Each structure stands twice: as C-alpha cells, then as structure tokens.
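Participant: Have a look at the structure that comes next, please.
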Amino acid sequence: MSRKTWWRIGVPLAAAALLVAQLAWGNGPRREAPAVSRPGECGKGAARQVGEPGVSHDMVIGSYGSDNLPRMKGRPTFKVHLTVSPAPDRSLTLRTPLAGAVTVQVHAGRGGGLLAGARSLTARIDEQMYDASQAPPATGTVRVTEDDFLRLVVELPDGAICPGATMADLISLDSGGNDAADLTVVTVVLVDRASGLRLEAQSGVV
C-alpha cells in the first residue's frame with residue numbers, strides 16, 4: 001500500500017475500528033441546532049474527490065472520531081485530527097488558532113449523502129499529539145516545515161450532525177467489517193485568508 005493510500009484509507013480504517021465501540025453508547029438521535037451553516041443538503045450529494053491523484057498534499061487527516069469515552073462526563077464530540085506537513089522545498093507560516101477557516105463534511109460511504117457538515121470552524125493546536133512542552137503556542141505565528149509539522153484539531157459542532165443521523169453513523173462500518181468502502185468519507189478544507197493558503201484533505205474511498 002502506498003503512503004498516500006495509507007493516509008487516505010489505512011489510518012481512518014484503523015481509527016474507526018477503535019472508535020466504534022466508544023460511540024455506541026451515544027447513539028441517540030441529535031436535535032437540530034440552528035446556528036450551524038452546512039456545506040450541502042442533508043442526505044444529498046456524494047463526496048467529491050479533493051486534490052489530484054499522485055500529488056503530495058500539505059495536509060492529511062490523521063484520525064477522526066470521538067474523544068469522549070463512556071466513563072467521561074458530557075456528550076461525545078466528533079473531532080478531526082490533522083497534520084500539516086509541506087513538501088521538503090516549502091514552508092508555511094500560519095497564525096493560530098485558525099478561526100473560521102475550516103469546512104468539514106462527512107458523507108456516507110459508497111457514494112452516500114451528507115451525514116454532517118459545518119463551515120467557519122476553528123482549527124486549534126492539537127496539544128495532546130505533542131510531547132510535553134513541545135506544542136507550539138495556542139495563539140501566535142507558527143512556521144511549518146516538513147520536519148516541524150503542525151498538528152491541528154477541529155471539533156464538529158453537535159448541530160452539524162444531520163437530523164436522523166447519530167454520532168456513531170459518522171464512522172460506521174458495514175457489519176461484515178473491514179471494508180474501506182464502507183467507511184464514511186471525511187473532507188476538510190482549510191482556507192487561511194491572511195496568507196491566501198488553501199489546504200484540502202480527505203479520508204475514505206471516493
């Protein structure tokens with residue numbers, strides 16, 4: 001399996017397998033939250049493929065799902081963990097947090113419609129993905145290179161989940177198991193208006 005294929009299929013497949021059990025407890029329907037602007041109509045429109053096949057991406061999805069275990073207080077929240085790592089001959093300068101810069105869409109597998117989505121989300125430093133005292137400042141300018149890559153996390157608001165869908169639906173697997181085509185397709189677009197930078201990342205099979 002190529003490195004790009006592993007990022008798009010292997011990592012999300014492994015992450016989803018671990019997270020299905022966590023999410024099963026919070027499987028009740030969600031009520032609509034009017035403040036969320038969705039990039040599409042619930043239940044409609046298959047995911048579009050982002051980027052060009054065979055081209056290196058500056059941003060990838062490391063994992064996605066719920067950070068809340070059943071023993072923890074509060075409802076589970078759906079988070080997408082991102083890694084920004086430019087090509088060897090490039091560097092990026094970003095100011096964190098990236099407020100209102102991110103759009104997230106979650107589509108059902110096998111060409112299914114929109115399950116959840118929201119515009120104008122904020123990407124923050126994913127502190128838990130760094131060793132102690134190694135995380136960049138939560139607020140400030142960060143220079144990103146291939147070696148000094150940046151870990152970000154984006155939280156999907158509860159109201160972004162379409163009516164009738166559940167948290168568990170966002171990472172659902174076929175009962176037969178372990179078929180990447182059954183995984184949901186998570187698409188993330190980050191637009192930094194200050195620098196004009198646009199980054200796209202996607203997991204799953206489109």
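Please note that chains go A, B, ... in the order of the structure tokens, that every chain numbers its residues from 1, and that ligands are numbered from 1 in the order shown.
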Which residues come within 6 Å of range 138-152 of chain A, counting only C-alpha atoms, excluding same-chain residues fewer than 4 positions away, as a list in words?
Facilitator: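 Answer for this query is His81, Leu82, Thr83, Val84, Ser85, Pro86, Pro88, Ser91, Leu92, Thr93, Leu94, Arg95, Thr96, Pro97, Ala123, Arg124, Ile125 and Asp126 of chain A.
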Participant: Could you list, as a ChimeraX atom specification, every residue within 8 Å of range 36-51 of chain A, counting only C-alpha atoms and ignoring same-chain residues fewer than 4 positions away?
Facilitator: /A:55,57,103,105,107-108,111-119,157,159-160,162-163,185,187,200-202,206
Participant: Could you state the separation of CA of Thr184 in chain A and CA of Ile161 in chain A in Å, given to one decimal place?
Facilitator: 13.2 Å
Participant: Which residue out of A:Leu98, A:Val106, A:Ile61, A:Ala180 has the minimum interatomic distance to Leu156 in chain A when only C-alpha atoms are used?
Facilitator: A:Val106
